[in-house]
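Visitor: For reference, this is upload36.txt, and it has compact mmCIF, C-alpha atoms.
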```txt
# COMPACT_ATOMS: atom_id res chain seq x y z
CA GLU A 1 0.75 73.14 127.32
CA GLU A 2 1.32 73.18 123.56
CA GLY A 3 1.74 77.00 123.59
CA ARG A 4 4.10 76.86 126.57
CA GLY A 5 6.18 74.16 124.88
CA LYS A 6 6.57 76.30 121.75
CA ARG A 7 7.53 79.32 123.85
CA GLU A 8 10.10 77.30 125.80
CA GLU A 9 11.51 75.93 122.55
CA GLY A 10 11.76 79.43 121.07
CA ARG A 11 13.34 80.82 124.25
CA GLY A 12 16.00 78.07 124.36
CA THR A 13 16.96 78.64 120.73
CA GLY A 14 17.31 82.42 121.20
CA SER A 15 19.55 82.06 124.26
CA SER A 16 21.81 79.55 122.50
CA ASP A 17 22.22 81.83 119.46
CA ILE A 18 23.29 84.79 121.60
CA GLU A 19 25.80 82.79 123.56
CA GLY A 20 27.20 81.36 120.33
CA LYS A 21 27.66 84.80 118.79
CA MET A 22 29.26 86.19 121.89
CA GLY A 23 31.68 83.26 122.06
CA GLU A 24 32.75 83.84 118.47
CA ASP A 25 33.45 87.57 118.64
CA GLY A 26 34.81 87.63 122.18
CA ALA A 27 32.16 90.03 123.57
CA ALA A 28 31.18 90.15 127.24
CA LYS A 29 30.13 86.76 128.59
CA ASP A 30 28.24 87.84 131.71
CA VAL A 31 24.79 87.72 130.08
CA THR A 32 22.29 86.07 132.41
CA GLU A 33 21.03 82.82 130.91
CA VAL A 34 17.27 82.30 130.84
CA GLU A 35 16.45 79.47 133.21
CA PRO A 36 14.36 76.80 131.44
CA SER A 37 10.99 76.05 132.96
CA ALA A 38 9.83 72.58 133.82
CA PRO A 39 9.24 70.38 130.76
CA PRO A 40 5.61 70.11 129.62
CA GLU A 41 5.22 66.57 130.87
CA GLU A 42 5.81 67.69 134.47
CA ILE A 43 3.00 70.28 134.34
CA LYS A 44 -0.09 68.62 135.78
CA ASP A 45 -2.32 71.58 136.31
CA GLU A 46 -3.44 73.87 133.50
CA GLU A 47 -3.90 76.68 136.02
CA SER A 48 -0.10 76.66 136.66
CA VAL A 49 0.50 77.89 133.12
CA ALA A 50 1.12 81.68 133.10
CA PRO A 51 -1.64 83.71 131.44
CA PRO A 52 -0.98 84.81 127.82
CA LYS A 53 -0.55 88.47 128.90
CA ALA A 54 2.22 87.53 131.34
CA ASN A 55 3.93 85.48 128.63
CA GLU A 56 3.90 88.46 126.26
CA GLU A 57 5.29 90.79 128.95
CA GLU A 58 8.05 88.31 129.79
CA ARG A 59 8.97 87.99 126.12
CA GLU A 60 9.09 91.78 125.77
CA VAL A 61 11.47 92.03 128.78
CA GLU A 62 13.68 89.32 127.31
CA GLU A 63 13.73 91.01 123.90
CA GLU A 64 14.63 94.33 125.51
CA GLU A 65 17.51 92.73 127.44
CA ILE A 66 18.74 90.97 124.28
CA GLY A 67 18.48 94.22 122.31
CA GLU A 68 20.48 96.10 124.95
CA GLU A 69 23.24 93.46 124.88
CA GLU A 70 23.33 93.52 121.07
CA GLU A 71 23.54 97.31 121.13
CA LYS A 72 26.34 97.27 123.69
CA ARG A 73 28.22 94.70 121.68
CA GLY A 74 27.78 96.78 118.54
CA ASP A 75 29.07 99.89 120.35
CA ARG A 76 32.10 97.96 121.55
CA ASN A 77 32.82 96.70 118.02
CA ASP A 78 32.46 100.23 116.63
CA GLU A 79 34.85 101.58 119.28
CA SER A 80 37.31 98.79 118.53
CA GLU A 81 37.21 99.47 114.79
CA ALA A 82 37.61 103.19 115.38
CA ALA A 83 40.59 102.59 117.67
CA THR A 84 42.13 100.29 115.07
CA ARG A 85 41.69 102.89 112.33
CA GLU A 86 43.11 105.58 114.58
CA GLY A 87 46.00 103.32 115.55
CA ASP A 88 46.74 102.49 111.91
CA SER A 89 46.88 106.13 110.91
CA GLY A 90 48.67 107.29 114.05
CA SER A 91 51.28 104.53 114.18
CA LYS A 92 52.18 104.46 110.49
CA LYS A 93 55.06 106.79 111.22
CA GLN A 94 56.11 105.31 114.52
CA GLN A 95 55.23 101.78 115.55
CA GLN A 96 56.54 100.43 118.81
CA GLN A 97 57.60 96.89 119.57
CA GLY A 98 58.44 95.65 123.05
CA PRO A 99 62.10 94.61 123.09
CA LEU A 100 63.91 91.88 124.97
CA VAL A 101 65.77 93.82 127.67
CA CYS A 102 69.24 92.42 128.43
CA HIS A 103 70.42 93.69 131.81
CA GLY A 104 74.02 93.41 132.93
CA HIS A 105 76.17 96.32 131.76
CA SER A 106 76.66 99.19 134.20
CA ARG A 107 77.89 101.79 131.69
CA PRO A 108 77.06 102.70 128.07
CA ILE A 109 77.21 99.96 125.42
CA VAL A 110 79.33 101.14 122.50
CA ASP A 111 79.40 98.12 120.19
CA ILE A 112 77.25 95.03 119.57
CA GLN A 113 77.51 92.27 116.99
CA TYR A 114 75.48 89.20 116.09
CA SER A 115 77.16 86.02 114.95
CA PRO A 116 76.04 84.26 111.78
CA ILE A 117 73.59 81.41 112.35
CA THR A 118 75.64 78.50 113.70
CA LYS A 119 74.80 74.88 114.52
CA ASP A 120 74.29 76.03 118.13
CA GLY A 121 72.12 79.03 117.24
CA THR A 122 72.83 82.75 117.05
CA PHE A 123 74.94 84.70 119.54
CA LEU A 124 75.35 88.35 120.49
CA VAL A 125 78.49 89.97 121.90
CA SER A 126 78.51 93.46 123.42
CA ALA A 127 81.26 95.94 124.32
CA SER A 128 80.79 98.49 127.08
CA LYS A 129 82.62 101.25 128.88
CA ASP A 130 82.33 99.15 132.03
CA GLY A 131 85.19 97.01 130.64
CA LYS A 132 83.18 93.76 130.76
CA PRO A 133 82.25 92.43 127.31
CA MET A 134 79.37 89.95 127.44
CA LEU A 135 78.13 87.03 125.37
CA ARG A 136 74.40 86.30 125.06
CA ASN A 137 71.99 84.02 123.30
CA GLY A 138 71.04 85.97 120.19
CA THR A 139 67.46 84.69 120.16
CA THR A 140 66.42 85.00 123.79
CA GLY A 141 68.94 87.58 125.03
CA ASP A 142 69.90 85.30 127.92
CA TRP A 143 73.31 86.00 129.42
CA ILE A 144 75.90 83.30 128.71
CA GLY A 145 79.07 84.78 130.16
CA THR A 146 81.36 87.77 130.73
CA PHE A 147 84.93 88.00 129.42
CA GLU A 148 86.94 89.15 132.44
CA GLY A 149 90.39 90.71 132.05
CA HIS A 150 90.31 94.22 130.57
CA LYS A 151 91.31 97.14 132.80
CA GLY A 152 89.61 99.88 130.82
CA ALA A 153 86.59 100.61 128.65
CA VAL A 154 86.02 98.10 125.87
CA TRP A 155 85.33 99.88 122.58
CA SER A 156 84.88 96.96 120.21
CA ALA A 157 83.78 93.31 120.32
CA CYS A 158 83.23 90.74 117.60
CA LEU A 159 82.76 87.00 117.03
CA ASN A 160 84.24 84.81 114.33
CA GLN A 161 81.85 83.13 111.91
CA PRO A 162 81.34 79.86 113.86
CA ALA A 163 81.09 81.91 117.12
CA THR A 164 83.87 79.90 118.77
CA LEU A 165 86.19 82.90 119.27
CA ALA A 166 85.58 86.46 120.44
CA ALA A 167 87.86 89.48 120.07
CA THR A 168 87.82 92.76 122.00
CA GLY A 169 89.62 96.10 121.73
CA SER A 170 90.05 98.29 124.80
CA ALA A 171 91.17 101.62 126.21
CA ASP A 172 93.73 99.67 128.27
CA PHE A 173 95.88 99.62 125.08
CA SER A 174 95.23 95.96 124.33
CA ALA A 175 93.31 93.62 122.07
CA LYS A 176 92.33 90.20 123.37
CA VAL A 177 91.11 86.98 121.80
CA TRP A 178 88.83 84.75 123.89
CA ASP A 179 87.52 81.22 123.75
CA ALA A 180 83.80 81.86 123.36
CA LEU A 181 82.94 78.41 124.72
CA THR A 182 84.87 78.60 128.00
CA GLY A 183 85.41 82.36 128.41
CA ASP A 184 89.18 81.87 128.77
CA GLN A 185 91.63 84.38 127.31
CA VAL A 186 93.53 82.86 124.39
CA TYR A 187 95.77 85.74 123.23
CA GLU A 188 96.57 89.29 124.30
CA PHE A 189 98.15 91.81 121.94
CA SER A 190 99.63 95.00 123.42
CA HIS A 191 99.30 98.34 121.64
CA LYS A 192 100.66 101.85 122.24
CA HIS A 193 97.26 103.54 122.38
CA ILE A 194 93.50 102.89 122.60
CA VAL A 195 92.18 100.08 120.39
CA ARG A 196 88.89 101.12 118.79
CA CYS A 197 88.10 98.27 116.37
CA VAL A 198 88.78 94.55 115.91
CA SER A 199 87.64 92.07 113.26
CA PHE A 200 88.33 88.43 112.30
CA SER A 201 89.20 87.23 108.82
CA PRO A 202 86.60 84.90 107.21
CA ASN A 203 88.53 81.75 108.17
CA SER A 204 89.36 83.05 111.69
CA SER A 205 93.12 82.73 111.08
CA LYS A 206 93.83 86.47 111.33
CA LEU A 207 92.75 89.49 113.35
CA VAL A 208 92.84 93.16 112.34
CA THR A 209 93.03 95.94 114.95
CA GLY A 210 92.89 99.71 114.64
CA GLY A 211 92.64 102.74 116.87
CA PHE A 212 94.30 105.91 118.09
CA GLU A 213 97.74 104.92 116.74
CA LYS A 214 96.31 105.62 113.26
CA ILE A 215 97.58 102.30 111.91
CA LEU A 216 96.10 98.88 111.19
CA ARG A 217 97.76 95.75 112.53
CA ILE A 218 97.20 92.27 111.09
CA TYR A 219 97.86 89.42 113.55
CA ASP A 220 98.34 85.84 112.40
CA LEU A 221 96.50 83.75 114.99
CA THR A 222 98.18 80.59 113.77
CA LYS A 223 101.53 82.19 114.74
CA PRO A 224 100.62 84.58 117.55
CA GLU A 225 104.25 84.95 118.63
CA ASN A 226 105.12 86.69 115.33
CA ASP A 227 105.06 90.47 114.95
CA PRO A 228 101.93 91.78 113.20
CA VAL A 229 101.86 93.19 109.70
CA VAL A 230 101.54 96.98 110.04
CA LEU A 231 99.72 98.89 107.30
CA PRO A 232 100.55 102.50 106.33
CA GLN A 233 99.71 105.14 108.92
CA GLN A 234 96.80 107.51 108.30
CA LYS A 235 96.24 111.13 109.33
CA SER A 236 93.36 110.22 111.66
CA ALA A 237 92.52 107.51 114.16
CA PHE A 238 90.56 104.51 112.95
CA LYS A 239 86.90 104.40 113.95
CA CYS A 240 85.63 101.22 112.26
CA ALA A 241 87.24 98.17 110.67
CA LYS A 242 85.42 95.22 109.10
CA TRP A 243 87.04 92.28 107.39
CA SER A 244 85.16 91.06 104.33
CA THR A 245 83.15 87.97 105.20
CA SER A 246 83.90 86.35 101.83
CA ASN A 247 87.29 87.71 100.71
CA ASP A 248 90.39 87.20 102.88
CA ASN A 249 92.16 90.10 101.16
CA LEU A 250 89.67 92.95 101.71
CA ILE A 251 89.21 95.12 104.81
CA TYR A 252 86.78 98.06 105.07
CA THR A 253 87.72 100.93 107.41
CA THR A 254 86.64 104.45 108.37
CA LEU A 255 88.50 107.26 110.12
CA ALA A 256 87.47 109.32 113.13
CA ASP A 257 88.14 112.73 111.56
CA GLU A 258 87.70 112.14 107.83
CA SER A 259 84.70 111.30 105.69
CA GLY A 260 84.63 108.36 103.33
CA LEU A 261 85.36 104.66 103.51
CA LEU A 262 88.76 103.09 102.80
CA LEU A 263 89.06 99.68 101.12
CA TRP A 264 92.34 97.90 101.86
CA ASP A 265 93.76 95.03 99.80
CA LEU A 266 96.21 92.82 101.70
CA ARG A 267 97.83 91.72 98.45
CA THR A 268 99.34 95.20 98.29
CA ASN A 269 98.92 96.15 101.98
CA ASP A 270 97.54 99.51 100.95
CA VAL A 271 94.33 101.42 100.22
CA VAL A 272 92.97 100.52 96.79
CA GLN A 273 89.70 102.48 96.87
CA ARG A 274 88.18 105.44 98.72
CA TRP A 275 84.40 105.63 98.72
CA GLU A 276 83.02 109.12 99.21
CA THR A 277 80.39 109.87 101.87
CA SER A 278 78.74 113.11 102.97
CA SER A 279 80.40 113.11 106.38
CA ILE A 280 82.31 110.92 108.87
CA VAL A 281 81.15 107.29 108.75
CA THR A 282 80.09 106.07 112.18
CA SER A 283 79.22 102.47 111.30
CA ILE A 284 79.93 99.84 108.65
CA GLU A 285 77.93 96.67 108.07
CA LEU A 286 78.35 93.90 105.51
CA SER A 287 75.17 92.16 104.35
CA SER A 288 74.70 88.46 105.10
CA ASN A 289 75.57 87.57 101.51
CA SER A 290 78.65 89.89 101.58
CA GLU A 291 77.40 91.78 98.53
CA VAL A 292 76.39 95.11 100.12
CA VAL A 293 78.21 97.46 102.49
CA THR A 294 75.91 99.71 104.55
CA THR A 295 77.27 102.95 106.02
CA ALA A 296 75.83 105.58 108.37
CA SER A 297 77.20 109.11 108.06
CA GLY A 298 75.60 112.33 109.23
CA ASN A 299 71.94 112.09 108.20
CA GLN A 300 72.65 109.73 105.30
CA VAL A 301 72.47 105.94 105.01
CA ALA A 302 74.30 104.66 101.92
CA PHE A 303 74.60 101.24 100.31
CA PHE A 304 77.65 100.24 98.24
CA LYS A 305 78.49 97.21 96.13
CA ALA A 306 81.06 95.41 98.26
CA GLU A 307 83.51 94.40 95.52
CA THR A 308 83.51 97.56 93.40
CA GLY A 309 82.35 100.41 95.64
CA ASP A 310 79.53 101.41 93.28
CA LYS A 311 76.86 103.29 95.22
CA LEU A 312 73.60 101.36 94.98
CA LYS A 313 71.36 103.68 96.97
CA GLU A 314 71.48 106.57 99.43
CA HIS A 315 68.66 107.82 101.64
CA ALA A 316 68.41 110.98 103.72
CA ILE A 317 67.25 110.44 107.31
CA PRO A 318 65.65 113.29 109.34
CA PHE A 319 68.17 112.97 112.19
CA VAL A 320 71.87 112.29 112.74
CA VAL A 321 72.40 108.55 112.22
CA GLU A 322 74.89 106.63 114.37
CA SER A 323 74.21 103.13 113.06
CA ALA A 324 72.39 101.39 110.20
CA SER A 325 71.65 97.76 109.33
CA LEU A 326 70.29 96.26 106.10
CA CYS A 327 67.98 93.25 105.77
CA LYS A 328 67.97 92.69 102.02
CA GLU A 329 65.75 89.60 102.33
CA ARG A 330 62.92 91.79 103.64
CA ASN A 331 63.90 94.82 101.56
CA CYS A 332 64.26 97.13 104.54
CA PHE A 333 66.90 98.74 106.75
CA ALA A 334 67.02 99.96 110.33
CA ALA A 335 68.65 103.18 111.50
CA GLY A 336 69.22 104.65 114.95
CA GLY A 337 70.80 107.85 116.16
CA GLU A 338 70.44 111.09 118.06
CA ASP A 339 66.62 111.07 118.26
CA MET A 340 66.90 108.01 120.57
CA TRP A 341 64.60 105.81 118.45
CA VAL A 342 65.19 102.88 116.09
CA HIS A 343 63.42 103.40 112.77
CA LEU A 344 62.61 100.90 110.02
CA TYR A 345 62.72 102.09 106.39
CA ASP A 346 61.92 100.70 102.96
CA TYR A 347 65.19 99.94 101.15
CA GLU A 348 63.86 100.97 97.72
CA THR A 349 62.05 104.20 98.62
CA GLY A 350 63.58 105.24 101.94
CA GLU A 351 60.09 105.72 103.41
CA GLU A 352 59.60 104.88 107.09
```
Take the structure in this file and express it as structure tokens.
Guide:
Amino acid sequence: EEGRGKREEGRGTGSSDIEGKMGEDGAAKDVTEVEPSAPPEEIKDEESVAPPKANEEEREVEEEEIGEEEEKRGDRNDESEAATREGDSGSKKQQQQGPLVCHGHSRPIVDIQYSPITKDGTFLVSASKDGKPMLRNGTTGDWIGTFEGHKGAVWSACLNQPATLAATGSADFSAKVWDALTGDQVYEFSHKHIVRCVSFSPNSSKLVTGGFEKILRIYDLTKPENDPVVLPQQKSAFKCAKWSTSNDNLIYTTLADESGLLLWDLRTNDVVQRWETSSIVTSIELSSNSEVVTTASGNQVAFFKAETGDKLKEHAIPFVVESASLCKERNCFAAGGEDMWVHLYDYETGEE
């Protein structure tokens, strides 16, 4: 009885240790538990105790089963570590992240813009060739509403800083301003050709539009009945226009058939600087602190000082870039283009 008690005590301890280890590392949990025998006080006949030889054989079987489980668990850990190492080396160049998919548009999306962080959260507006610009929750991607009214493809969409107004430019020769809370149209401004870009001034009192007419128009939203201020005509259609988020007098633009970036000053209503780029600029972005302008042109992503135009950095990308976005807080930038992927790069080194 004393020997059986010690064996039962040893067996119980071993089983508990295995289960504890497996619970900690998440290994398979289908190990058969060893059923405890009757406690020593219930054994009334010494002959009922198994002979020593049987005890040894039973222990050997148990040890073999435990050894097999430990070996299997070790193999699984080795395979997991190998897969992790392989994944680390294989995904260094191209890591994938599952996106939030926002269904709704029926034709290509040509422009998207996030709002700044507002008291109600962050919002996302999108322009599409289906002629139905949409507003979404910028965090979850949930659809909030569609701005109904355009009769052609919508090429540009933007929100003002508090995300209370939206503006759109369309192939139906019009620019519209919308109430972003109700979805109602507030203003409509007729043009003589396709409107490719729209942007609000920092205080939301003005709107700039540009497009195939090769001119910029400045609308005073506090006096919408007045004629717009028309800036000097260029040799090419306007492709992008962004109002400075901190300076009411500065507007950044690019042209559809000419390289470089044009900086306009509304105190003179003319171009005051031309920043050189390797090819046609397809996107402009101002950093959240309004200090850096990011451009995508050809296979180059360049970063300029917003007030002076000094080039801070320029990185070559191994594909034609259509759009680029800087996150200075995390010292990285994203770029997407003709290879149909979005890539994340180090701002300082340009390494993916």
Visitor: Would you mind reading off the distance between atom CA of Ser278 of chain A and atom CA of His315 of chain A, one decimal, in Å?
Guide: 11.5 Å
Visitor: Which residues are close to Val272 of chain A, i.e. within 8 Å by only C-alpha atoms, leaving aside same-chain residues fewer than 6 positions away? Reply as a PDB file with C-alpha atoms, in the frame of the given file.
Guide:
```
ATOM      1  CA  LEU A 262      88.760 103.090 102.800  1.00  0.00           C
ATOM      2  CA  LEU A 263      89.060  99.680 101.120  1.00  0.00           C
ATOM      3  CA  TRP A 264      92.340  97.900 101.860  1.00  0.00           C
ATOM      4  CA  ASP A 265      93.760  95.030  99.800  1.00  0.00           C
TER       5      ASP A 265
END
```
Visitor: Could you check how far atom CA of Val292 of chain A sits from atom CA of Trp155 of chain A, in Å to one decimal?
Guide: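 Atom CA of Trp155 of chain A lies at a distance of 24.6 Å from atom CA of Val292 of chain A.
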Visitor: Quick one: which segment 221-291 of chain A residues come within 12 Å of segment 335-338 of chain A, and what is the nearest atom pair for each with the distance in Å to one decimal, counting all atoms listed in the file, rows ordered by chain and ascending number, as CSV?
Guide:
```
residue,atom,partner,partner_atom,distance
A:Thr282,CA,A:Gly337,CA,10.3
A:Ser283,CA,A:Ala335,CA,10.6
A:Glu285,CA,A:Ala335,CA,11.8
```
Visitor: Would you list the residues near (69.1, 97.8, 106.5) (no more than 6 Å away, in the coordinates of the file, using all atoms listed in the file) as a PyMOL selection string?
Guide: chain A and resi 325-327+332-334
Visitor: Nearest to Gln300 of chain A among A:Gln113, A:Gln233, A:Ser323, A:Ser287, with distances taken over all atoms listed in the file: which residue is it?
Guide: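 Of A:Gln113, A:Gln233, A:Ser323, A:Ser287, the one nearest Gln300 of chain A is A:Ser323, counting all atoms listed in the file.
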Visitor: Atom CA of His103 of chain A and atom CA of Asn137 of chain A, how far apart in Å?
Guide: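 For atom CA of Asn137 of chain A relative to atom CA of His103 of chain A, the distance reads 13.0 Å.
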Visitor: Give, as JSON, the centre coordinates and the x, y and z edge lengths in Å to one decimal for an axis-aligned box around all listed atoms of segment 272-290 of chain A, padded by 5 Å on each side.
Guide:
```
{"center_x": 83.8, "center_y": 100.3, "center_z": 104.5, "size_x": 28.3, "size_y": 35.5, "size_z": 25.4}
```
Visitor: Using all atoms listed in the file, which residues sit within 7 Å of segment 219-230 of chain A once same-chain residues fewer than 6 positions away are excluded, as a ChimeraX atom specification?
Guide: /A:205-208
Visitor: Which one of A:His191, A:Val281, A:Phe303, A:Gly309 sits closest to Glu322 of chain A if you count all atoms listed in the file?
Guide: A:Val281
Visitor: From the list A:Val110, A:Ile280, A:Leu135, A:Ala324, which residue is nearest Arg196 of chain A when using all atoms listed in the file?
Guide: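 Ranked by minimum distance to Arg196 of chain A, first place goes to A:Val110.
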Visitor: So which residues touch Asp257 of chain A within 9 Å, counting only C-alpha atoms, skipping near sequence neighbours fewer than 6 positions away, as a short mmCIF file (atom, residue, chain, number, x, y, z; two decimals) with C-alpha atoms, keeping the file's coordinate frame?
Guide:
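Final file, out21.cif:
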```
data_model
loop_
_atom_site.label_atom_id
_atom_site.label_comp_id
_atom_site.auth_asym_id
_atom_site.auth_seq_id
_atom_site.Cartn_x
_atom_site.Cartn_y
_atom_site.Cartn_z
CA LYS A 235 96.24 111.13 109.33
CA SER A 236 93.36 110.22 111.66
CA ALA A 237 92.52 107.51 114.16
CA PHE A 238 90.56 104.51 112.95
CA LYS A 239 86.90 104.40 113.95
CA ILE A 280 82.31 110.92 108.87
#
```
